[in-house]
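What follows is the content of query.pdb, which has PDB, C-alpha atoms, pLDDT in the B column:
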```pdb
ATOM      1  CA  MET U   1     -34.234 -48.681   5.643  1.00 49.00           C
ATOM      2  CA  SER U   2     -35.950 -48.606   2.286  1.00 52.00           C
ATOM      3  CA  THR U   3     -35.670 -45.806  -0.251  1.00 52.00           C
ATOM      4  CA  ALA U   4     -39.290 -44.876   0.234  1.00 51.00           C
ATOM      5  CA  ALA U   5     -38.792 -44.562   3.998  1.00 51.00           C
ATOM      6  CA  ALA U   6     -35.693 -42.361   3.497  1.00 49.00           C
ATOM      7  CA  ALA U   7     -37.600 -40.122   1.096  1.00 49.00           C
ATOM      8  CA  SER U   8     -40.495 -39.789   3.524  1.00 50.00           C
ATOM      9  CA  THR U   9     -38.181 -38.631   6.332  1.00 52.00           C
ATOM     10  CA  ALA U  10     -36.363 -36.117   4.075  1.00 50.00           C
ATOM     11  CA  ALA U  11     -39.527 -34.543   2.770  1.00 57.00           C
ATOM     12  CA  PRO U  12     -40.813 -33.487   6.178  1.00 67.00           C
ATOM     13  CA  ALA U  13     -37.573 -31.502   6.878  1.00 65.00           C
ATOM     14  CA  SER U  14     -38.105 -29.464   3.715  1.00 69.00           C
ATOM     15  CA  SER U  15     -41.770 -28.997   4.415  1.00 78.00           C
ATOM     16  CA  VAL U  16     -41.023 -28.028   8.041  1.00 80.00           C
ATOM     17  CA  ALA U  17     -38.672 -25.280   6.786  1.00 75.00           C
ATOM     18  CA  ARG U  18     -41.309 -24.114   4.299  1.00 79.00           C
ATOM     19  CA  ARG U  19     -43.962 -24.117   7.020  1.00 80.00           C
ATOM     20  CA  VAL U  20     -41.776 -22.237   9.542  1.00 81.00           C
ATOM     21  CA  LEU U  21     -40.504 -19.629   7.069  1.00 79.00           C
ATOM     22  CA  GLY U  22     -43.759 -19.328   5.158  1.00 82.00           C
ATOM     23  CA  PRO U  23     -43.527 -16.759   2.369  1.00 85.00           C
ATOM     24  CA  PHE U  24     -39.905 -16.023   3.342  1.00 84.00           C
ATOM     25  CA  PHE U  25     -38.626 -19.500   2.424  1.00 83.00           C
ATOM     26  CA  VAL U  26     -37.493 -18.600  -1.119  1.00 85.00           C
ATOM     27  CA  PRO U  27     -35.778 -15.294  -0.140  1.00 87.00           C
ATOM     28  CA  VAL U  28     -34.013 -17.055   2.767  1.00 84.00           C
ATOM     29  CA  VAL U  29     -32.752 -19.811   0.470  1.00 86.00           C
ATOM     30  CA  ILE U  30     -31.612 -17.270  -2.134  1.00 90.00           C
ATOM     31  CA  THR U  31     -29.828 -15.233   0.568  1.00 91.00           C
ATOM     32  CA  ALA U  32     -28.124 -18.344   1.955  1.00 88.00           C
ATOM     33  CA  VAL U  33     -26.911 -19.319  -1.526  1.00 90.00           C
ATOM     34  CA  ALA U  34     -25.696 -15.753  -2.176  1.00 93.00           C
ATOM     35  CA  PHE U  35     -23.717 -15.725   1.086  1.00 91.00           C
ATOM     36  CA  ALA U  36     -22.224 -19.121   0.271  1.00 90.00           C
ATOM     37  CA  VAL U  37     -21.133 -17.889  -3.172  1.00 92.00           C
ATOM     38  CA  LEU U  38     -19.741 -14.662  -1.660  1.00 92.00           C
ATOM     39  CA  GLY U  39     -17.848 -16.610   1.002  1.00 88.00           C
ATOM     40  CA  LEU U  40     -16.410 -18.948  -1.613  1.00 86.00           C
ATOM     41  CA  GLY U  41     -15.391 -15.950  -3.730  1.00 84.00           C
ATOM     42  CA  LEU U  42     -13.560 -14.355  -0.788  1.00 81.00           C
ATOM     43  CA  VAL U  43     -11.761 -17.601  -0.010  1.00 78.00           C
ATOM     44  CA  ILE U  44     -10.659 -17.921  -3.636  1.00 76.00           C
ATOM     45  CA  ARG U  45      -9.596 -14.258  -3.789  1.00 70.00           C
ATOM     46  CA  TYR U  46      -7.409 -14.438  -0.707  1.00 69.00           C
ATOM     47  CA  ALA U  47      -6.052 -17.874  -1.522  1.00 67.00           C
ATOM     48  CA  PHE U  48      -5.027 -17.167  -5.126  1.00 68.00           C
ATOM     49  CA  TYR U  49      -4.735 -13.398  -5.643  1.00 65.00           C
ATOM     50  CA  THR U  50      -1.613 -11.369  -4.922  1.00 68.00           C
ATOM     51  CA  SER U  51      -2.060  -7.611  -4.656  1.00 81.00           C
ATOM     52  CA  PRO U  52       0.366  -5.324  -6.514  1.00 81.00           C
ATOM     53  CA  ASP U  53       1.860  -4.299  -3.155  1.00 84.00           C
ATOM     54  CA  GLN U  54       2.409  -7.933  -2.134  1.00 86.00           C
ATOM     55  CA  ALA U  55       3.947  -8.656  -5.541  1.00 84.00           C
ATOM     56  CA  ALA U  56       6.355  -5.721  -5.101  1.00 88.00           C
ATOM     57  CA  VAL U  57       7.540  -7.176  -1.792  1.00 90.00           C
ATOM     58  CA  GLN U  58       7.903 -10.652  -3.307  1.00 89.00           C
ATOM     59  CA  HIS U  59       9.922  -9.359  -6.282  1.00 91.00           C
ATOM     60  CA  ALA U  60      12.087  -6.869  -4.377  1.00 93.00           C
ATOM     61  CA  PRO U  61      15.820  -7.536  -4.267  1.00 94.00           C
ATOM     62  CA  ARG U  62      16.995  -8.796  -0.886  1.00 96.00           C
ATOM     63  CA  ILE U  63      20.027  -7.454   0.918  1.00 96.00           C
ATOM     64  CA  SER U  64      22.079  -9.155   3.604  1.00 96.00           C
ATOM     65  CA  ASP U  65      23.580  -6.082   5.287  1.00 96.00           C
ATOM     66  CA  THR U  66      21.668  -6.052   8.578  1.00 96.00           C
ATOM     67  CA  ALA U  67      23.708  -3.105   9.861  1.00 96.00           C
ATOM     68  CA  PHE U  68      22.424  -1.013   6.937  1.00 97.00           C
ATOM     69  CA  GLU U  69      18.864  -2.211   7.557  1.00 97.00           C
ATOM     70  CA  THR U  70      19.087  -1.207  11.221  1.00 97.00           C
ATOM     71  CA  SER U  71      20.669   2.180  10.481  1.00 97.00           C
ATOM     72  CA  ALA U  72      18.218   2.942   7.663  1.00 97.00           C
ATOM     73  CA  THR U  73      15.282   2.060   9.905  1.00 96.00           C
ATOM     74  CA  GLY U  74      16.597   4.519  12.500  1.00 96.00           C
ATOM     75  CA  VAL U  75      16.866   7.281   9.889  1.00 96.00           C
ATOM     76  CA  CYS U  76      13.354   6.595   8.603  1.00 94.00           C
ATOM     77  CA  LYS U  77      11.862   6.446  12.108  1.00 94.00           C
ATOM     78  CA  HIS U  78      13.356   9.878  12.769  1.00 92.00           C
ATOM     79  CA  TYR U  79      11.543  11.246   9.710  1.00 90.00           C
ATOM     80  CA  VAL U  80       8.290   9.541  10.687  1.00 87.00           C
ATOM     81  CA  THR U  81       8.507  11.593  13.894  1.00 84.00           C
ATOM     82  CA  VAL U  82       9.275  14.734  11.879  1.00 80.00           C
ATOM     83  CA  PHE U  83       6.244  14.189   9.645  1.00 79.00           C
ATOM     84  CA  ASN U  84       3.957  13.373  12.555  1.00 76.00           C
ATOM     85  CA  THR U  85       4.912  16.476  14.535  1.00 73.00           C
ATOM     86  CA  ALA U  86       6.254  19.143  12.188  1.00 66.00           C
ATOM     87  CA  THR U  87       3.866  19.021   9.260  1.00 64.00           C
ATOM     88  CA  THR U  88       0.565  20.758   9.741  1.00 73.00           C
ATOM     89  CA  LEU U  89      -1.573  22.790   7.414  1.00 78.00           C
ATOM     90  CA  GLY U  90      -4.515  25.020   8.259  1.00 77.00           C
ATOM     91  CA  LYS U  91      -8.135  24.192   7.477  1.00 83.00           C
ATOM     92  CA  SER U  92      -8.440  26.393   4.382  1.00 86.00           C
ATOM     93  CA  PRO U  93      -4.973  26.813   2.916  1.00 87.00           C
ATOM     94  CA  SER U  94      -4.333  28.780  -0.226  1.00 89.00           C
ATOM     95  CA  ALA U  95      -2.789  27.102  -3.262  1.00 90.00           C
ATOM     96  CA  GLY U  96       0.522  28.752  -2.371  1.00 90.00           C
ATOM     97  CA  GLN U  97       0.406  27.486   1.210  1.00 90.00           C
ATOM     98  CA  SER U  98      -0.466  23.963   0.028  1.00 90.00           C
ATOM     99  CA  GLY U  99       2.362  24.047  -2.500  1.00 91.00           C
ATOM    100  CA  ASP U 100       4.825  25.235   0.135  1.00 91.00           C
ATOM    101  CA  PHE U 101       3.630  22.526   2.506  1.00 90.00           C
ATOM    102  CA  LEU U 102       4.107  19.811  -0.121  1.00 90.00           C
ATOM    103  CA  ASP U 103       7.492  21.213  -1.125  1.00 92.00           C
ATOM    104  CA  ASN U 104       8.543  21.111   2.529  1.00 90.00           C
ATOM    105  CA  ILE U 105       7.581  17.422   2.701  1.00 90.00           C
ATOM    106  CA  ALA U 106       9.513  16.663  -0.492  1.00 92.00           C
ATOM    107  CA  SER U 107      12.520  18.553   0.898  1.00 93.00           C
ATOM    108  CA  SER U 108      12.323  16.527   4.105  1.00 92.00           C
ATOM    109  CA  PHE U 109      12.327  13.354   2.010  1.00 93.00           C
ATOM    110  CA  ASP U 110      15.362  14.743   0.131  1.00 96.00           C
ATOM    111  CA  SER U 111      17.158  15.160   3.460  1.00 95.00           C
ATOM    112  CA  MET U 112      16.177  11.659   4.515  1.00 96.00           C
ATOM    113  CA  VAL U 113      17.514  10.181   1.261  1.00 97.00           C
ATOM    114  CA  ALA U 114      20.773  12.099   1.691  1.00 97.00           C
ATOM    115  CA  ARG U 115      21.149  10.591   5.163  1.00 97.00           C
ATOM    116  CA  LEU U 116      20.309   7.122   3.844  1.00 97.00           C
ATOM    117  CA  ALA U 117      22.842   7.519   1.024  1.00 97.00           C
ATOM    118  CA  ALA U 118      25.540   8.426   3.549  1.00 97.00           C
ATOM    119  CA  LEU U 119      25.111   5.136   5.417  1.00 97.00           C
ATOM    120  CA  PRO U 120      27.726   2.459   4.754  1.00 97.00           C
ATOM    121  CA  VAL U 121      26.461  -0.489   2.689  1.00 97.00           C
ATOM    122  CA  ALA U 122      28.123  -3.855   2.138  1.00 96.00           C
ATOM    123  CA  ALA U 123      29.538  -4.123  -1.395  1.00 97.00           C
ATOM    124  CA  PRO U 124      27.211  -6.919  -2.581  1.00 97.00           C
ATOM    125  CA  ASP U 125      24.175  -4.877  -1.524  1.00 97.00           C
ATOM    126  CA  ARG U 126      25.200  -1.538  -3.044  1.00 97.00           C
ATOM    127  CA  PRO U 127      23.432  -2.013  -6.406  1.00 97.00           C
ATOM    128  CA  ALA U 128      20.091  -2.855  -4.762  1.00 97.00           C
ATOM    129  CA  VAL U 129      20.374  -0.012  -2.252  1.00 97.00           C
ATOM    130  CA  SER U 130      21.431   2.408  -5.011  1.00 97.00           C
ATOM    131  CA  GLN U 131      18.371   1.409  -7.038  1.00 97.00           C
ATOM    132  CA  TRP U 132      16.151   1.945  -3.988  1.00 97.00           C
ATOM    133  CA  LEU U 133      17.641   5.388  -3.368  1.00 97.00           C
ATOM    134  CA  ALA U 134      17.190   6.259  -7.066  1.00 97.00           C
ATOM    135  CA  GLN U 135      13.511   5.372  -6.715  1.00 96.00           C
ATOM    136  CA  TRP U 136      13.321   7.664  -3.706  1.00 95.00           C
ATOM    137  CA  ARG U 137      14.942  10.477  -5.711  1.00 96.00           C
ATOM    138  CA  ASP U 138      12.495   9.994  -8.595  1.00 94.00           C
ATOM    139  CA  TYR U 139       9.573  10.036  -6.173  1.00 93.00           C
ATOM    140  CA  ASN U 140      10.910  13.135  -4.415  1.00 94.00           C
ATOM    141  CA  SER U 141      11.446  14.888  -7.736  1.00 94.00           C
ATOM    142  CA  PHE U 142       7.802  14.259  -8.543  1.00 92.00           C
ATOM    143  CA  GLY U 143       6.919  15.644  -5.092  1.00 91.00           C
ATOM    144  CA  HIS U 144       8.626  18.943  -5.945  1.00 94.00           C
ATOM    145  CA  GLN U 145       6.917  19.000  -9.375  1.00 92.00           C
ATOM    146  CA  TYR U 146       3.578  18.297  -7.728  1.00 92.00           C
ATOM    147  CA  ALA U 147       4.120  21.090  -5.194  1.00 93.00           C
ATOM    148  CA  ALA U 148       4.808  23.542  -8.022  1.00 93.00           C
ATOM    149  CA  ALA U 149       1.734  22.298  -9.889  1.00 92.00           C
ATOM    150  CA  VAL U 150      -0.435  22.783  -6.784  1.00 92.00           C
ATOM    151  CA  ARG U 151       0.825  26.354  -6.453  1.00 92.00           C
ATOM    152  CA  SER U 152      -0.237  27.055 -10.046  1.00 91.00           C
ATOM    153  CA  GLY U 153      -3.453  25.011  -9.938  1.00 87.00           C
ATOM    154  CA  ALA U 154      -2.263  22.488 -12.545  1.00 84.00           C
ATOM    155  CA  GLU U 155      -1.943  19.417 -10.328  1.00 85.00           C
ATOM    156  CA  GLY U 156      -4.735  17.541 -12.128  1.00 81.00           C
ATOM    157  CA  ASP U 157      -2.853  17.418 -15.420  1.00 80.00           C
ATOM    158  CA  LEU U 158       0.376  16.332 -13.731  1.00 80.00           C
ATOM    159  CA  VAL U 159      -1.302  13.568 -11.750  1.00 78.00           C
ATOM    160  CA  HIS U 160      -3.161  12.199 -14.773  1.00 76.00           C
ATOM    161  CA  SER U 161      -0.044  12.136 -16.928  1.00 78.00           C
ATOM    162  CA  ASP U 162       2.274  10.567 -14.342  1.00 80.00           C
ATOM    163  CA  LEU U 163       0.091   8.569 -11.971  1.00 81.00           C
ATOM    164  CA  SER U 164       0.964   5.044 -13.116  1.00 85.00           C
ATOM    165  CA  ARG U 165       4.718   5.767 -13.191  1.00 88.00           C
ATOM    166  CA  ILE U 166       4.712   7.285  -9.705  1.00 89.00           C
ATOM    167  CA  ASP U 167       2.481   4.511  -8.390  1.00 90.00           C
ATOM    168  CA  SER U 168       4.957   1.940  -9.702  1.00 91.00           C
ATOM    169  CA  ILE U 169       7.914   3.751  -8.110  1.00 93.00           C
ATOM    170  CA  LEU U 170       6.097   4.015  -4.781  1.00 92.00           C
ATOM    171  CA  ARG U 171       5.132   0.341  -4.858  1.00 93.00           C
ATOM    172  CA  GLN U 172       8.684  -0.838  -5.711  1.00 95.00           C
ATOM    173  CA  ARG U 173      10.299   1.522  -3.222  1.00 94.00           C
ATOM    174  CA  ASN U 174       8.022   0.405  -0.397  1.00 95.00           C
ATOM    175  CA  GLY U 175       8.301  -3.235  -1.467  1.00 95.00           C
ATOM    176  CA  PHE U 176      12.086  -3.075  -1.115  1.00 96.00           C
ATOM    177  CA  ALA U 177      11.799  -1.516   2.338  1.00 96.00           C
ATOM    178  CA  LYS U 178       9.308  -4.112   3.580  1.00 96.00           C
ATOM    179  CA  ALA U 179      11.204  -7.050   2.055  1.00 95.00           C
ATOM    180  CA  ASN U 180      14.393  -5.945   3.818  1.00 96.00           C
ATOM    181  CA  HIS U 181      13.057  -5.411   7.340  1.00 95.00           C
ATOM    182  CA  MET U 182      12.823  -1.619   6.969  1.00 96.00           C
ATOM    183  CA  ALA U 183       9.058  -1.131   7.159  1.00 94.00           C
ATOM    184  CA  ALA U 184       9.616   2.287   8.751  1.00 94.00           C
ATOM    185  CA  CYS U 185      11.005   3.358   5.359  1.00 94.00           C
ATOM    186  CA  ALA U 186       7.786   2.425   3.528  1.00 92.00           C
ATOM    187  CA  PHE U 187       6.089   5.817   3.285  1.00 85.00           C
ATOM    188  CA  SER U 188       2.882   6.323   1.310  1.00 76.00           C
TER     189      SER U 188
END
```
Rendering of file as structure tokens:
Amino acid sequence: MSTAAAASTAAPASSVARRVLGPFFVPVVITAVAFAVLGLGLVIRYAFYTSPDQAAVQHAPRISDTAFETSATGVCKHYVTVFNTATTLGKSPSAGQSGDFLDNIASSFDSMVARLAALPVAAPDRPAVSQWLAQWRDYNSFGHQYAAAVRSGAEGDLVHSDLSRIDSILRQRNGFAKANHMAACAFS
């Protein structure tokens, strides 16, 4: 087949599309290109980008004490049930009621951490578990501070001044739990 013959068969396909789509040919082509670029962007994003939460799981210390993992998961599952059933707040709570509610949640987390700290941990895993529990205590301390700030109407200032630190603690704490088969202990 000659080059001229190949060109003559390719041209009709383009002209057929132009004829069928009429004045919509250019917008359809632009839309198709935009979707192709968007699709390529999504593929690149998911292939090469790691979210901060995924990075926290990847960088979390690993423990080998499966008995601790199992026991800790049981403790955390108990508190998931507590939070799902025992924590309710009315539709229009006062600042005091909201503060009390948040303080109650922080106190429940304090109790959970005390139970987790009482679990036996294999010696090689104690430093990693101790660090995880310290992150829980820091987060819970902020929870009590936040509850007090809500009661006094100053929560905005507290959140703005401490947001990145608390976000980092939450991410690392949950990353450790997920990396060590204790997803029930990854509270947000």
* Asked: For the atom pair atom CA of Asp162 of chain U and atom CA of Ala95 of chain U, what is the interatomic distance in Å to one decimal place?
  -> 20.5 Å
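Counting all atoms listed in the file, the residue from U:Val159, U:Ala154, U:Ala56, U:Met112 that sits nearest to Val80 of chain U is U:Met112.
For the residues U:Gln172, U:Ser152, U:Ser130, U:Ser108, ranking by smallest atom-to-atom distance to Val82 of chain U using only C-alpha atoms places U:Ser108 first.
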* Can you pull out every residue within 9 Å of Gly96 of chain U, counting all atoms listed in the file, but drop anything in the same chain fewer than 2 positions away, and send it as a VMD selection string? => chain U and resid 93 to 94 98 to 101 147 to 148 150 to 152
* Convert the output of the PyMOL selection byres ((chain U and resi 79) around 12) on the shown file into explicit residues, formatted as an MDAnalysis selection string. => chainID U and resid 72:78 80:87 105:113 115:116 184:187
* How far is it from atom CA of Gly143 of chain U to atom CA of Pro127 of chain U, in Å with one decimal? ->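 Rounded to one decimal, the two atoms are 24.2 Å apart.
Across the model, the gap from atom CA of Leu133 of chain U to atom CA of Ser64 of chain U is 16.7 Å.
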* Hey, which of U:Ala179, U:Ala55, U:Ala67, U:Val16 ends up closest to Leu119 of chain U? Count all atoms listed in the file. ->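 Ranked by minimum distance to Leu119 of chain U, first place goes to U:Ala67.
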* **Of the listed residues U:Ala117, U:Ala122, U:Ala177, U:Ala17, that which approaches Pro61 of chain U most closely, counting all atoms listed in the file** => U:Ala177
* Structure fact -> Between U:Gln145, U:Asn180, U:Ser164, U:Ser188, smallest distance to Phe68 of chain U by only C-alpha atoms belongs to U:Asn180
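The smallest atom-to-atom distance between Pro52 of chain U and any of U:Phe176, U:Ser168, U:Thr66, U:Ala183, using only C-alpha atoms, is found for U:Ser168.
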* If the PyMOL selection byres ((chain U and resi 136) around 9) is run on the structure shown, which residues does it catch, given as an MDAnalysis selection string? -> chainID U and resid 109:110 113 131:135 137:141 169:170 173
Please report, as JSON, the centre and edge lengths in Å to one decimal of an axis-aligned box covering all listed atoms of segment 164-173 of chain U with 6 Å per side.
```
{"center_x": 5.6, "center_y": 3.2, "center_z": -8.2, "size_x": 21.3, "size_y": 20.1, "size_z": 22.0}
```
Where atoms are lacking, segment 17-28 of chain U completed to all heavy atoms, as a tab-separated table (two decimals), in the frame of the given file:
```tsv
chain	number	residue	atom	x	y	z
U	17	ALA	N	-39.30	-26.58	7.05
U	17	ALA	CA	-38.67	-25.28	6.79
U	17	ALA	C	-39.62	-24.37	6.04
U	17	ALA	O	-39.73	-23.18	6.33
U	17	ALA	CB	-37.38	-25.48	5.99
U	18	ARG	N	-40.33	-24.92	5.04
U	18	ARG	CA	-41.31	-24.11	4.30
U	18	ARG	C	-42.41	-23.61	5.22
U	18	ARG	O	-42.85	-22.47	5.12
U	18	ARG	CB	-41.93	-24.92	3.16
U	18	ARG	CG	-41.04	-25.04	1.96
U	18	ARG	CD	-41.83	-25.73	0.83
U	18	ARG	NE	-41.03	-25.84	-0.36
U	18	ARG	CZ	-40.99	-24.89	-1.29
U	18	ARG	NH1	-41.69	-23.81	-1.18
U	18	ARG	NH2	-40.21	-25.05	-2.33
U	19	ARG	N	-42.88	-24.49	6.12
U	19	ARG	CA	-43.96	-24.12	7.02
U	19	ARG	C	-43.50	-23.04	8.00
U	19	ARG	O	-44.21	-22.07	8.25
U	19	ARG	CB	-44.43	-25.36	7.78
U	19	ARG	CG	-45.83	-25.23	8.27
U	19	ARG	CD	-46.42	-26.50	8.87
U	19	ARG	NE	-45.91	-27.74	8.29
U	19	ARG	CZ	-45.27	-28.68	8.99
U	19	ARG	NH1	-45.08	-28.55	10.27
U	19	ARG	NH2	-44.83	-29.77	8.39
U	20	VAL	N	-42.27	-23.19	8.55
U	20	VAL	CA	-41.78	-22.24	9.54
U	20	VAL	C	-41.49	-20.87	8.90
U	20	VAL	O	-41.84	-19.84	9.46
U	20	VAL	CB	-40.49	-22.78	10.22
U	20	VAL	CG1	-39.81	-21.71	11.05
U	20	VAL	CG2	-40.83	-23.98	11.08
U	21	LEU	N	-40.88	-20.89	7.72
U	21	LEU	CA	-40.50	-19.63	7.07
U	21	LEU	C	-41.63	-19.03	6.25
U	21	LEU	O	-41.58	-17.84	5.91
U	21	LEU	CB	-39.27	-19.84	6.19
U	21	LEU	CG	-38.00	-20.21	6.95
U	21	LEU	CD1	-36.89	-20.58	5.98
U	21	LEU	CD2	-37.55	-19.09	7.86
U	22	GLY	N	-42.61	-19.82	5.91
U	22	GLY	CA	-43.76	-19.33	5.16
U	22	GLY	C	-43.34	-18.65	3.87
U	22	GLY	O	-42.57	-19.20	3.09
U	23	PRO	N	-43.83	-17.44	3.64
U	23	PRO	CA	-43.53	-16.76	2.37
U	23	PRO	C	-42.06	-16.32	2.27
U	23	PRO	O	-41.61	-15.89	1.22
U	23	PRO	CB	-44.46	-15.55	2.38
U	23	PRO	CG	-44.73	-15.28	3.82
U	23	PRO	CD	-44.71	-16.64	4.49
U	24	PHE	N	-41.31	-16.44	3.36
U	24	PHE	CA	-39.90	-16.02	3.34
U	24	PHE	C	-38.95	-17.15	2.98
U	24	PHE	O	-37.74	-16.97	2.94
U	24	PHE	CB	-39.51	-15.44	4.71
U	24	PHE	CG	-40.32	-14.25	5.09
U	24	PHE	CD1	-41.28	-14.34	6.10
U	24	PHE	CD2	-40.16	-13.04	4.44
U	24	PHE	CE1	-42.03	-13.24	6.45
U	24	PHE	CE2	-40.90	-11.94	4.78
U	24	PHE	CZ	-41.85	-12.04	5.79
U	25	PHE	N	-39.48	-18.35	2.72
U	25	PHE	CA	-38.63	-19.50	2.42
U	25	PHE	C	-37.72	-19.24	1.22
U	25	PHE	O	-36.51	-19.43	1.29
U	25	PHE	CB	-39.49	-20.75	2.19
U	25	PHE	CG	-38.68	-21.96	1.83
U	25	PHE	CD1	-37.95	-22.63	2.80
U	25	PHE	CD2	-38.62	-22.42	0.52
U	25	PHE	CE1	-37.20	-23.74	2.49
U	25	PHE	CE2	-37.86	-23.53	0.20
U	25	PHE	CZ	-37.15	-24.20	1.18
U	26	VAL	N	-38.28	-18.81	0.10
U	26	VAL	CA	-37.49	-18.60	-1.12
U	26	VAL	C	-36.46	-17.49	-0.92
U	26	VAL	O	-35.28	-17.67	-1.24
U	26	VAL	CB	-38.41	-18.34	-2.34
U	26	VAL	CG1	-37.60	-17.92	-3.56
U	26	VAL	CG2	-39.25	-19.57	-2.65
U	27	PRO	N	-36.81	-16.32	-0.36
U	27	PRO	CA	-35.78	-15.29	-0.14
U	27	PRO	C	-34.67	-15.76	0.81
U	27	PRO	O	-33.50	-15.42	0.63
U	27	PRO	CB	-36.54	-14.10	0.45
U	27	PRO	CG	-37.95	-14.30	0.04
U	27	PRO	CD	-38.15	-15.79	-0.07
U	28	VAL	N	-35.03	-16.55	1.83
U	28	VAL	CA	-34.01	-17.06	2.77
U	28	VAL	C	-33.06	-18.01	2.05
U	28	VAL	O	-31.84	-17.94	2.23
U	28	VAL	CB	-34.68	-17.73	3.99
U	28	VAL	CG1	-33.67	-18.53	4.80
U	28	VAL	CG2	-35.34	-16.68	4.87
```
